[in-house]
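Coordinates as given in my_file-v3.cif (mmCIF, C-alpha atoms):
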```cif
data_upload
loop_
_atom_site.label_atom_id
_atom_site.label_comp_id
_atom_site.auth_asym_id
_atom_site.auth_seq_id
_atom_site.Cartn_x
_atom_site.Cartn_y
_atom_site.Cartn_z
CA MET A 1 52.30 109.90 114.20
CA HIS A 2 55.25 107.52 113.76
CA THR A 3 58.08 109.17 111.83
CA SER A 4 58.08 106.54 109.10
CA ALA A 5 54.36 107.02 108.64
CA MET A 6 54.96 110.74 108.29
CA GLY A 7 57.60 110.00 105.66
CA GLU A 8 55.16 107.87 103.73
CA GLU A 9 52.55 110.62 103.86
CA LYS A 10 55.09 112.97 102.29
CA ALA A 11 55.76 110.44 99.55
CA ASN A 12 52.11 110.04 98.56
CA ILE A 13 50.48 112.50 96.18
CA LYS A 14 46.73 112.27 95.86
CA PRO A 15 45.49 112.02 92.26
CA SER A 16 43.24 114.74 90.95
CA SER A 17 40.23 114.11 88.75
CA ARG A 18 40.90 114.57 85.05
CA VAL A 19 38.66 114.77 81.98
CA ASP A 20 40.05 113.70 78.65
CA SER A 21 38.72 116.03 75.98
CA ALA A 22 39.09 113.28 73.41
CA GLU A 23 36.31 111.23 75.07
CA THR A 24 32.53 111.51 74.98
CA ASP A 25 30.37 111.77 78.07
CA ASP A 26 29.93 108.02 78.21
CA GLY A 27 33.70 107.46 78.09
CA SER A 28 33.88 106.19 74.51
CA SER A 29 36.49 107.63 72.19
CA LEU A 30 35.45 109.97 69.41
CA PHE A 31 38.25 108.67 67.20
CA PRO A 32 38.90 105.04 68.19
CA ILE A 33 40.94 104.28 65.08
CA LEU A 34 43.42 106.98 66.08
CA GLN A 35 43.98 105.65 69.59
CA PRO A 36 47.58 104.52 70.32
CA ALA A 37 48.37 100.92 71.22
CA LEU A 38 47.69 100.09 74.85
CA LEU A 39 50.68 100.52 77.11
CA LYS A 40 51.63 97.78 79.52
CA GLY A 41 53.56 97.43 82.76
CA LEU A 42 55.77 100.31 83.81
CA ALA A 43 54.98 102.31 80.65
CA ARG A 44 51.26 102.19 81.54
CA MET A 45 51.96 103.17 85.14
CA ALA A 46 54.06 106.12 83.98
CA ALA A 47 51.37 107.25 81.56
CA GLU A 48 48.83 107.14 84.39
CA ALA A 49 51.06 109.02 86.84
CA VAL A 50 49.43 112.20 88.13
CA PRO A 51 51.18 115.59 88.22
CA ALA A 52 53.14 116.29 91.40
CA GLY A 53 54.44 119.79 90.74
CA GLU A 54 57.03 121.55 88.60
CA GLY A 55 60.53 122.93 89.01
CA HIS A 56 62.93 124.74 86.71
CA ALA A 57 62.15 123.10 83.33
CA VAL A 58 61.23 119.96 85.30
CA ARG A 59 57.90 118.24 85.87
CA PHE A 60 57.19 115.76 88.67
CA HIS A 61 54.80 112.83 88.58
CA ALA A 62 53.45 110.50 91.25
CA LEU A 63 54.31 106.95 90.17
CA GLU A 64 52.46 103.98 91.62
CA ALA A 65 55.19 101.43 92.32
CA ARG A 66 54.75 97.69 92.79
CA SER A 67 58.03 97.27 94.65
CA ILE A 68 61.00 99.36 95.78
CA LEU A 69 63.64 96.64 96.03
CA ASN A 70 65.25 95.60 92.74
CA ARG A 71 67.36 92.46 92.65
CA SER A 72 70.24 92.25 90.21
CA LEU A 73 73.24 90.02 89.70
CA SER A 74 76.36 91.95 88.79
CA LYS A 75 78.58 90.31 86.20
CA ARG A 76 81.58 91.54 88.18
CA ARG A 77 80.51 90.16 91.56
CA LEU A 78 79.28 86.66 92.26
CA ARG A 79 76.44 87.55 94.60
CA PHE A 80 73.17 89.38 94.51
CA VAL A 81 72.91 93.09 95.20
CA TRP A 82 69.66 94.86 95.93
CA SER A 83 69.16 98.37 94.61
CA VAL A 84 66.71 100.99 95.83
CA ASN A 85 65.85 104.07 93.78
CA PRO A 86 63.19 106.33 95.33
CA TYR A 87 62.79 108.29 92.09
CA ARG A 88 62.89 107.67 88.35
CA GLY A 89 64.89 110.32 86.54
CA CYS A 90 67.27 112.84 88.05
CA GLU A 91 67.25 116.64 88.10
CA PHE A 92 71.03 116.99 88.23
CA ALA A 93 71.26 116.42 84.45
CA CYS A 94 74.81 115.01 84.45
CA ARG A 95 75.96 114.84 80.85
CA TYR A 96 77.60 111.44 81.25
CA CYS A 97 74.77 109.74 83.19
CA TYR A 98 74.46 106.06 82.27
CA ALA A 99 70.99 105.71 83.84
CA ARG A 100 69.08 107.55 81.10
CA TYR A 101 68.08 104.18 79.69
CA THR A 102 65.75 103.62 82.65
CA HIS A 103 63.22 106.04 81.15
CA GLU A 104 63.06 103.86 78.06
CA PHE A 105 61.16 101.28 80.12
CA MET A 106 58.40 103.88 80.32
CA GLU A 107 58.53 104.49 76.54
CA LEU A 108 60.25 107.84 77.14
CA ARG A 109 63.08 107.52 74.64
CA ASN A 110 64.30 111.10 74.37
CA PRO A 111 67.39 111.12 76.67
CA ALA A 112 66.59 114.66 77.82
CA LEU A 113 63.36 113.47 79.45
CA PHE A 114 65.40 111.66 82.10
CA GLU A 115 66.22 115.03 83.67
CA ARG A 116 62.93 116.79 82.86
CA GLU A 117 60.27 114.23 83.77
CA ILE A 118 60.87 113.00 87.33
CA TYR A 119 58.72 110.24 88.80
CA VAL A 120 58.18 110.04 92.56
CA LYS A 121 57.56 106.48 93.77
CA GLN A 122 54.48 106.21 95.95
CA GLN A 123 54.27 104.33 99.28
CA ALA A 124 58.01 103.64 99.05
CA ALA A 125 58.53 103.13 102.78
CA TRP A 126 55.56 100.76 103.04
CA LEU A 127 56.89 98.73 100.11
CA LEU A 128 60.38 98.53 101.61
CA ARG A 129 59.07 97.43 105.01
CA ARG A 130 56.97 94.77 103.29
CA ASP A 131 59.91 93.34 101.34
CA MET A 132 62.87 93.62 103.70
CA HIS A 133 62.54 89.94 104.59
CA LEU A 134 63.72 89.13 101.05
CA VAL A 135 67.21 90.50 101.74
CA LYS A 136 69.42 87.72 103.09
CA ALA A 137 72.54 87.97 105.21
CA GLY A 138 75.57 88.87 103.08
CA GLU A 139 73.56 90.71 100.43
CA GLU A 140 73.87 94.45 99.94
CA ILE A 141 71.31 97.20 99.55
CA ALA A 142 72.60 100.00 97.29
CA ILE A 143 70.59 103.24 97.38
CA GLY A 144 70.92 105.58 94.41
CA THR A 145 72.25 103.40 91.60
CA ALA A 146 70.03 104.90 88.87
CA THR A 147 68.99 108.24 90.33
CA ASP A 148 70.33 110.54 93.02
CA PRO A 149 68.28 109.84 96.16
CA TYR A 150 68.98 113.39 97.37
CA GLN A 151 68.14 115.34 94.24
CA PRO A 152 66.25 118.61 94.94
CA VAL A 153 62.75 117.08 94.87
CA GLU A 154 63.71 115.00 97.94
CA ARG A 155 63.68 118.18 100.03
CA ARG A 156 59.93 118.44 99.39
CA MET A 157 58.88 114.80 99.01
CA GLY A 158 61.06 113.10 101.65
CA VAL A 159 60.91 109.66 100.02
CA THR A 160 64.55 108.84 100.75
CA ARG A 161 64.20 109.84 104.38
CA SER A 162 61.14 107.61 104.72
CA LEU A 163 63.23 104.70 103.41
CA LEU A 164 66.01 105.43 105.91
CA GLU A 165 63.42 105.40 108.69
CA VAL A 166 62.55 101.84 107.71
CA LEU A 167 66.21 100.76 107.51
CA ALA A 168 66.83 102.23 110.95
CA GLU A 169 64.39 99.64 112.32
CA HIS A 170 66.57 96.74 111.12
CA ARG A 171 69.90 95.20 112.11
CA GLY A 172 72.65 93.28 110.39
CA TYR A 173 72.31 94.62 106.87
CA GLU A 174 74.93 96.04 104.50
CA ILE A 175 73.86 99.37 103.02
CA GLY A 176 75.54 101.71 100.54
CA ILE A 177 74.36 105.18 99.49
CA VAL A 178 75.55 107.16 96.45
CA THR A 179 74.84 110.89 96.08
CA LYS A 180 76.17 114.23 94.88
CA SER A 181 73.97 116.22 97.23
CA SER A 182 74.61 118.03 100.49
CA LEU A 183 70.99 117.33 101.41
CA ILE A 184 72.16 114.00 102.84
CA THR A 185 73.40 115.88 105.91
CA ARG A 186 69.76 116.51 106.80
CA ASP A 187 69.53 112.81 107.64
CA ILE A 188 72.63 112.45 109.81
CA ASP A 189 70.44 111.41 112.73
CA LEU A 190 69.02 108.46 110.79
CA LEU A 191 72.34 107.57 109.17
CA LYS A 192 73.97 107.33 112.60
CA GLU A 193 71.13 105.16 113.87
CA ILE A 194 71.44 102.85 110.84
CA ALA A 195 75.22 102.65 111.25
CA ARG A 196 74.86 101.55 114.87
CA TYR A 197 73.34 98.23 113.91
CA ASN A 198 74.21 97.83 110.22
CA ARG A 199 77.25 98.31 108.01
CA LEU A 200 76.72 101.63 106.24
CA VAL A 201 78.96 103.24 103.62
CA VAL A 202 78.20 106.61 102.03
CA HIS A 203 79.70 107.49 98.64
CA VAL A 204 79.83 111.15 97.58
CA THR A 205 80.53 111.60 93.87
CA ILE A 206 82.87 114.49 93.03
CA THR A 207 83.89 114.39 89.39
CA THR A 208 86.15 117.43 89.50
CA PRO A 209 87.16 120.16 92.00
CA ASP A 210 86.79 122.76 89.22
CA ALA A 211 83.48 124.56 89.77
CA HIS A 212 83.31 125.84 86.19
CA LEU A 213 83.82 122.40 84.66
CA ALA A 214 81.43 120.83 87.18
CA ARG A 215 78.70 123.30 86.24
CA LEU A 216 79.07 122.30 82.59
CA LEU A 217 79.15 118.57 83.36
CA GLU A 218 76.50 118.46 86.09
CA PRO A 219 74.36 121.58 85.54
CA ARG A 220 72.09 121.31 88.57
CA ALA A 221 74.27 119.40 91.05
CA PRO A 222 75.86 121.13 94.09
CA ARG A 223 79.27 122.77 93.63
CA PRO A 224 82.35 120.62 94.30
CA ASP A 225 83.35 122.59 97.40
CA ILE A 226 79.90 121.97 98.89
CA ARG A 227 80.32 118.25 98.28
CA PHE A 228 83.74 118.19 99.94
CA GLU A 229 82.20 119.96 102.93
CA THR A 230 79.45 117.34 102.93
CA VAL A 231 82.04 114.58 103.19
CA HIS A 232 83.69 116.41 106.07
CA ARG A 233 80.41 116.88 107.97
CA LEU A 234 79.43 113.24 107.56
CA ARG A 235 82.88 112.13 108.74
CA GLN A 236 82.58 114.38 111.78
CA ALA A 237 79.38 112.50 112.57
CA GLY A 238 81.41 109.30 112.70
CA LEU A 239 80.14 107.82 109.42
CA LEU A 240 82.14 105.84 106.86
CA VAL A 241 82.20 108.18 103.85
CA GLY A 242 84.33 108.09 100.71
CA ILE A 243 84.75 110.04 97.50
CA LEU A 244 83.96 108.68 94.04
CA ASN A 245 86.07 110.70 91.61
CA SER A 246 84.10 109.22 88.73
CA PRO A 247 83.87 109.07 85.88
CA LEU A 248 87.40 109.90 84.79
CA LEU A 249 87.02 111.86 81.57
CA PRO A 250 89.86 111.49 79.03
CA GLY A 251 91.59 114.80 78.43
CA LEU A 252 89.55 116.56 81.12
CA THR A 253 89.88 114.97 84.55
CA ASP A 254 92.25 112.01 84.08
CA SER A 255 95.60 113.82 84.30
CA ALA A 256 98.07 113.36 87.16
CA VAL A 257 97.60 117.03 88.05
CA ALA A 258 93.82 116.68 88.35
CA LEU A 259 94.01 113.48 90.37
CA HIS A 260 96.62 114.91 92.74
CA ARG A 261 94.36 117.88 93.37
CA MET A 262 91.40 115.60 94.05
CA ALA A 263 93.43 113.47 96.45
CA VAL A 264 94.63 116.52 98.40
CA LEU A 265 91.07 117.74 98.84
CA ALA A 266 89.84 114.24 99.73
CA ARG A 267 92.47 114.06 102.44
CA GLN A 268 91.50 117.47 103.76
CA ALA A 269 87.87 116.33 103.92
CA ASP A 270 88.98 113.25 105.90
CA ALA A 271 87.46 110.88 103.31
CA SER A 272 87.39 107.24 104.41
CA PHE A 273 88.43 106.10 100.94
CA PHE A 274 89.04 107.37 97.42
CA PHE A 275 87.95 105.72 94.19
CA ALA A 276 87.87 106.58 90.49
CA GLN A 277 86.99 104.71 87.34
CA PRO A 278 86.90 105.69 83.66
CA LEU A 279 83.97 107.01 81.69
CA PHE A 280 81.82 104.55 79.78
CA LEU A 281 79.13 105.58 77.32
CA LYS A 282 76.06 103.44 76.82
CA PRO A 283 73.87 104.24 73.79
CA CYS A 284 71.44 106.19 76.00
CA SER A 285 74.17 108.59 77.16
CA LYS A 286 76.55 108.68 74.22
CA ALA A 287 74.72 111.29 72.13
CA THR A 288 74.20 113.60 75.11
CA PHE A 289 77.81 113.45 76.25
CA LEU A 290 79.37 113.75 72.79
CA ALA A 291 77.16 116.77 72.09
CA PHE A 292 78.53 118.28 75.31
CA ILE A 293 82.11 117.65 74.12
CA LYS A 294 81.37 119.14 70.71
CA GLU A 295 79.93 122.30 72.28
CA HIS A 296 82.39 122.94 75.09
CA PHE A 297 85.59 121.07 74.18
CA PRO A 298 85.71 120.82 70.39
CA ASP A 299 89.46 120.09 70.45
CA LEU A 300 88.64 116.78 72.14
CA ARG A 301 86.08 115.64 69.57
CA GLN A 302 88.55 113.49 67.67
CA GLU A 303 89.87 111.83 70.82
CA TYR A 304 86.37 110.90 72.01
CA SER A 305 85.38 109.80 68.54
CA ARG A 306 88.30 107.39 68.42
CA ARG A 307 87.51 106.05 71.86
CA PHE A 308 83.74 105.71 71.74
CA ASP A 309 82.44 105.64 68.16
CA THR A 310 82.53 101.85 68.12
CA ALA A 311 82.94 101.07 71.81
CA GLU A 312 81.13 101.72 75.08
CA PHE A 313 84.14 101.27 77.34
CA VAL A 314 87.71 102.55 77.34
CA THR A 315 90.42 100.03 76.57
CA LYS A 316 91.66 97.59 79.18
CA ALA A 317 95.14 99.12 78.98
CA TYR A 318 93.79 102.63 79.66
CA SER A 319 91.68 101.35 82.55
CA GLU A 320 94.64 99.58 84.13
CA ARG A 321 96.84 102.64 83.67
CA MET A 322 94.27 104.85 85.38
CA GLN A 323 93.83 102.32 88.18
CA ALA A 324 97.58 102.29 88.81
CA LEU A 325 97.74 106.08 88.78
CA VAL A 326 94.80 106.46 91.15
CA ARG A 327 96.30 103.91 93.53
CA ALA A 328 99.72 105.57 93.50
CA ILE A 329 98.28 109.03 94.13
CA ALA A 330 95.95 107.77 96.86
CA GLU A 331 98.81 106.03 98.64
CA LYS A 332 100.93 109.16 98.36
CA HIS A 333 98.26 111.11 100.23
CA GLY A 334 97.42 108.37 102.73
CA LEU A 335 94.03 107.51 101.27
CA ARG A 336 92.50 104.06 101.09
CA VAL A 337 91.37 102.94 97.65
CA ARG A 338 88.04 101.26 97.16
CA SER A 339 88.13 98.65 94.39
CA GLY A 340 85.64 98.20 91.56
CA GLY A 341 82.14 96.78 91.53
CA ALA A 342 78.83 97.89 92.96
CA PRO A 343 78.75 100.77 95.45
CA GLY A 344 78.67 98.55 98.48
CA LEU A 345 80.69 97.38 101.41
CA ARG A 346 82.69 94.21 100.86
CA THR A 347 85.59 96.21 99.49
CA LEU A 348 86.13 97.99 102.80
CA GLY A 349 87.53 97.16 106.21
CA ALA A 350 88.69 93.69 107.17
CA GLU A 351 87.12 92.16 104.07
CA TRP A 352 89.01 94.47 101.72
CA THR A 353 89.71 92.72 98.41
CA GLU A 354 91.16 93.74 95.10
CA ARG A 355 88.90 93.24 92.09
CA GLN A 356 89.76 94.20 88.55
CA PRO A 357 86.88 95.56 86.46
CA GLU A 358 85.98 93.25 83.61
CA LEU A 359 86.34 95.55 80.63
CA PRO A 360 86.57 94.35 77.03
CA VAL A 361 89.89 94.51 75.22
CA GLN A 362 89.25 96.88 72.33
CA GLY A 363 92.74 97.80 71.20
CA GLU A 364 94.96 100.53 72.62
CA LEU A 365 94.10 104.03 71.43
CA PHE A 366 97.02 105.76 73.12
CA PRO A 367 100.60 104.70 73.90
CA PRO A 368 100.70 102.83 77.24
CA PRO A 369 103.32 104.81 79.22
CA PHE A 370 102.08 107.45 81.62
CA PRO A 371 102.74 110.31 81.21
CA LEU A 372 101.96 109.85 77.54
CA GLU A 373 104.57 110.08 74.84
CA ASP A 374 103.84 112.91 72.44
CA THR A 375 102.90 110.74 69.48
CA GLN A 376 99.90 112.99 68.86
CA PRO A 377 100.73 116.70 68.61
CA GLY A 378 99.80 118.54 71.77
CA LEU A 379 98.01 115.59 73.34
CA ALA A 380 100.55 114.74 76.03
CA GLU A 381 100.92 118.35 77.12
CA ARG A 382 97.18 118.87 77.31
CA ARG A 383 96.54 115.69 79.29
CA ASN A 384 99.43 116.04 81.71
CA ALA A 385 98.60 119.64 82.47
CA GLY A 386 94.83 119.22 82.24
CA VAL A 387 92.76 121.08 79.68
CA THR A 388 93.38 124.75 80.44
CA SER A 389 94.84 123.46 83.73
CA LEU A 390 91.25 122.47 84.54
CA ARG A 391 90.83 126.04 85.72
CA LEU A 392 91.75 124.68 89.16
CA ALA A 393 92.40 128.09 90.61
CA ARG A 394 88.84 129.14 89.78
CA GLY A 395 87.16 125.99 91.04
CA ALA A 396 89.08 125.19 94.21
#
```
Would you mind writing the file out in C-alpha cells?
Amino acid sequence: MHTSAMGEEKANIKPSSRVDSAETDDGSSLFPILQPALLKGLARMAAEAVPAGEGHAVRFHALEARSILNRSLSKRRLRFVWSVNPYRGCEFACRYCYARYTHEFMELRNPALFEREIYVKQQAAWLLRRDMHLVKAGEEIAIGTATDPYQPVERRMGVTRSLLEVLAEHRGYEIGIVTKSSLITRDIDLLKEIARYNRLVVHVTITTPDAHLARLLEPRAPRPDIRFETVHRLRQAGLLVGILNSPLLPGLTDSAVALHRMAVLARQADASFFFAQPLFLKPCSKATFLAFIKEHFPDLRQEYSRRFDTAEFVTKAYSERMQALVRAIAEKHGLRVRSGGAPGLRTLGAEWTERQPELPVQGELFPPPFPLEDTQPGLAERRNAGVTSLRLARGA
C-alpha cells in the first residue's frame, strides 16, 4: 500500500452504530418540544463526530472535514497564506493559547473544551491532494497555526504525517511548520524530502528554558530541554529550523536575563533563527490566562490588569522596546532574527525583510527606558532579574 494511503487509513475512524435513548423505535422524538435548535455547518459536523478514544482527561472525536486548506489574508502581509490544521483543539493546554476561539465555531464555548475535546480531521491527506492546485506560486502553506500538528494524538492517528506525504509529492511550494513537540523528529525522512524540492521552515516554540515555569504555562507540552534537543536534531538533518521564544510574558519571560539565557541555548542548539513577540490576549484566552496569573503569580495581577483589562495587545512602545532588546541580544549571540507576520518563509534568506507588527497605540503603561526606571516599587528589580530569577538553575 502506498505510504500516503496508509496515512489516510490511520486518519479515518469508522463510526459505530448508536441508539439515542430519547427516540422511539420509529425514530420520532418522545419530547419534540424539548429538542434543541438544529445545528448547522461545522457545529453540526462536530455534534455528529464519533468517539475516537480517550486520553488523560481528554476525549477524541472523528470529524468529517470538507476541506483541509484554509485561505486567509493577514492584515500584516499583503498576500494570501494558506493554513493547514490536522486537528481541532490541542492537548498541550497552553494557558495563553489564542486559538481557543476555534472551538466556538462548533458551539463549544467553554475555553477549557479546547484542550479536552480534540477533533481528528478525517481523510485529511485525500483532501489536501485534491486541493493543492489551489495554492499558487508565491503563496505559503502554514501547518499548525491553530493547533499543534504534533500533539500526542498524532502519534496514534498520524494525520500530520499523511499530510507531509502529500507535500513530499510536490515541488516549488513554501511551507512552514509550527510545533512544541519532539514528535516532529519522527518525520525527518519526509521533511528532508519536502525540503529538497520546496522551501521548508520549521518553527519550534520554546516560551521559557525554565522547566518549572513551562510546566505551569504549558501543562502537557514537552519540557524545554527536549525542545532544544529537537531543534538540534532537526538542524543536524540539514533542515532550516528556528526558535519562537513566544509569547513574551511581562514580568515572567521578558527580562534581559531571560532573553540572554534563551539566546545562549538557541545558539547551542544551532537554531537557524530566533524570534520573540509579546503576549496578546483575545477574549477566548484572557480569562484562562489571567486565572493562571492569579493562582501562580498573584504579585503580577495588578500589572496584567493594567495591561489587558481594556486591551488585547501590549502597547506599541512596549512592543518596540522588546523588539529592540530581542534584536540586540540575538546579534550579540550571532543569531538571525525572524521578523513578524505569519510563520512562513519570506522573512528568511535572500528575501529577508523587516516588518513591524501593526499593534494599536494604547498608551504607555510603563516608562520607556530599558531597563525600567523604578517608578513602581520593586517592579524594575523583579523584571530585570526575572521573577524569582525564573528558577533558571532548576529549568536549564
Surrounding residues of A:His333 excluding itself and chain neighbours under 3 positions, 10 Å, only C-alpha atoms, as an mmCIF file with C-alpha atoms, keeping the file's coordinate frame:
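File produced: result_14.cif:
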```
data_model
loop_
_atom_site.group_PDB
_atom_site.id
_atom_site.type_symbol
_atom_site.label_atom_id
_atom_site.label_comp_id
_atom_site.auth_asym_id
_atom_site.auth_seq_id
_atom_site.Cartn_x
_atom_site.Cartn_y
_atom_site.Cartn_z
ATOM 1 C CA HIS A 260 96.620 114.910 92.740
ATOM 2 C CA ALA A 263 93.430 113.470 96.450
ATOM 3 C CA VAL A 264 94.630 116.520 98.400
ATOM 4 C CA LEU A 265 91.070 117.740 98.840
ATOM 5 C CA ALA A 266 89.840 114.240 99.730
ATOM 6 C CA ARG A 267 92.470 114.060 102.440
ATOM 7 C CA GLN A 268 91.500 117.470 103.760
ATOM 8 C CA ALA A 328 99.720 105.570 93.500
ATOM 9 C CA ILE A 329 98.280 109.030 94.130
ATOM 10 C CA ALA A 330 95.950 107.770 96.860
ATOM 11 C CA ARG A 336 92.500 104.060 101.090
#
```
Picked residues, the PyMOL selection byres ((chain A and resi 193) around 12), expected as a CSV table (one decimal) with C-alpha atoms, keeping the file's coordinate frame:
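Generated file (part.csv):
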```csv
chain,number,residue,atom,x,y,z
A,164,LEU,CA,66.0,105.4,105.9
A,165,GLU,CA,63.4,105.4,108.7
A,166,VAL,CA,62.6,101.8,107.7
A,167,LEU,CA,66.2,100.8,107.5
A,168,ALA,CA,66.8,102.2,111.0
A,169,GLU,CA,64.4,99.6,112.3
A,170,HIS,CA,66.6,96.7,111.1
A,171,ARG,CA,69.9,95.2,112.1
A,187,ASP,CA,69.5,112.8,107.6
A,188,ILE,CA,72.6,112.4,109.8
A,189,ASP,CA,70.4,111.4,112.7
A,190,LEU,CA,69.0,108.5,110.8
A,191,LEU,CA,72.3,107.6,109.2
A,192,LYS,CA,74.0,107.3,112.6
A,194,ILE,CA,71.4,102.8,110.8
A,195,ALA,CA,75.2,102.6,111.2
A,196,ARG,CA,74.9,101.6,114.9
A,197,TYR,CA,73.3,98.2,113.9
A,198,ASN,CA,74.2,97.8,110.2
A,199,ARG,CA,77.2,98.3,108.0
A,200,LEU,CA,76.7,101.6,106.2
A,237,ALA,CA,79.4,112.5,112.6
A,238,GLY,CA,81.4,109.3,112.7
A,239,LEU,CA,80.1,107.8,109.4
```
Inset, instruction - Measuring atom to atom with all atoms listed in the file, identify which of A:Ser182, A:Thr147, A:Thr205, A:Ser285 is nearest to A:Tyr101. - result: A:Ser285
Legend entry - Target residues per the PyMOL selection byres ((chain A and resi 227) around 9), formatted as number ranges by chain: A: 180-182, 204-206, 222-226, 228-232
Inset, instruction - Would you kindly translate the PyMOL selection byres ((chain A and resi 91) around 12) into the concrete residues it picks from this file, as a ChimeraX atom specification? - result: /A:54-60,87-90,92-95,97,100,112-119,147-154,180-181,218-222
Prev. selection, C-alpha atoms, output as a PDB file, in the coordinates of the input:
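So result30.pdb came out as:
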```
ATOM      1  CA  GLU A  54      57.030 121.550  88.600  1.00  0.00           C
ATOM      2  CA  GLY A  55      60.530 122.930  89.010  1.00  0.00           C
ATOM      3  CA  HIS A  56      62.930 124.740  86.710  1.00  0.00           C
ATOM      4  CA  ALA A  57      62.150 123.100  83.330  1.00  0.00           C
ATOM      5  CA  VAL A  58      61.230 119.960  85.300  1.00  0.00           C
ATOM      6  CA  ARG A  59      57.900 118.240  85.870  1.00  0.00           C
ATOM      7  CA  PHE A  60      57.190 115.760  88.670  1.00  0.00           C
ATOM      8  CA  TYR A  87      62.790 108.290  92.090  1.00  0.00           C
ATOM      9  CA  ARG A  88      62.890 107.670  88.350  1.00  0.00           C
ATOM     10  CA  GLY A  89      64.890 110.320  86.540  1.00  0.00           C
ATOM     11  CA  CYS A  90      67.270 112.840  88.050  1.00  0.00           C
ATOM     12  CA  PHE A  92      71.030 116.990  88.230  1.00  0.00           C
ATOM     13  CA  ALA A  93      71.260 116.420  84.450  1.00  0.00           C
ATOM     14  CA  CYS A  94      74.810 115.010  84.450  1.00  0.00           C
ATOM     15  CA  ARG A  95      75.960 114.840  80.850  1.00  0.00           C
ATOM     16  CA  CYS A  97      74.770 109.740  83.190  1.00  0.00           C
ATOM     17  CA  ARG A 100      69.080 107.550  81.100  1.00  0.00           C
ATOM     18  CA  ALA A 112      66.590 114.660  77.820  1.00  0.00           C
ATOM     19  CA  LEU A 113      63.360 113.470  79.450  1.00  0.00           C
ATOM     20  CA  PHE A 114      65.400 111.660  82.100  1.00  0.00           C
ATOM     21  CA  GLU A 115      66.220 115.030  83.670  1.00  0.00           C
ATOM     22  CA  ARG A 116      62.930 116.790  82.860  1.00  0.00           C
ATOM     23  CA  GLU A 117      60.270 114.230  83.770  1.00  0.00           C
ATOM     24  CA  ILE A 118      60.870 113.000  87.330  1.00  0.00           C
ATOM     25  CA  TYR A 119      58.720 110.240  88.800  1.00  0.00           C
ATOM     26  CA  THR A 147      68.990 108.240  90.330  1.00  0.00           C
ATOM     27  CA  ASP A 148      70.330 110.540  93.020  1.00  0.00           C
ATOM     28  CA  PRO A 149      68.280 109.840  96.160  1.00  0.00           C
ATOM     29  CA  TYR A 150      68.980 113.390  97.370  1.00  0.00           C
ATOM     30  CA  GLN A 151      68.140 115.340  94.240  1.00  0.00           C
ATOM     31  CA  PRO A 152      66.250 118.610  94.940  1.00  0.00           C
ATOM     32  CA  VAL A 153      62.750 117.080  94.870  1.00  0.00           C
ATOM     33  CA  GLU A 154      63.710 115.000  97.940  1.00  0.00           C
ATOM     34  CA  LYS A 180      76.170 114.230  94.880  1.00  0.00           C
ATOM     35  CA  SER A 181      73.970 116.220  97.230  1.00  0.00           C
ATOM     36  CA  GLU A 218      76.500 118.460  86.090  1.00  0.00           C
ATOM     37  CA  PRO A 219      74.360 121.580  85.540  1.00  0.00           C
ATOM     38  CA  ARG A 220      72.090 121.310  88.570  1.00  0.00           C
ATOM     39  CA  ALA A 221      74.270 119.400  91.050  1.00  0.00           C
ATOM     40  CA  PRO A 222      75.860 121.130  94.090  1.00  0.00           C
TER      41      PRO A 222
END
```
Inset, instruction - Anything within 10 Å of (94.8, 104.0, 84.6): list those residues as a list in words, counting only C-alpha atoms and sticking to the file's coordinates. - result: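 Residues lying no farther than 10 Å from the given point: Leu248, Asp254, Ser255, Ala276, Gln277, Pro278, Thr315, Lys316, Ala317, Tyr318, Ser319, Glu320, Arg321, Met322, Gln323, Ala324, Leu325, Val326, Arg327, Pro368 and Phe370 of chain A.
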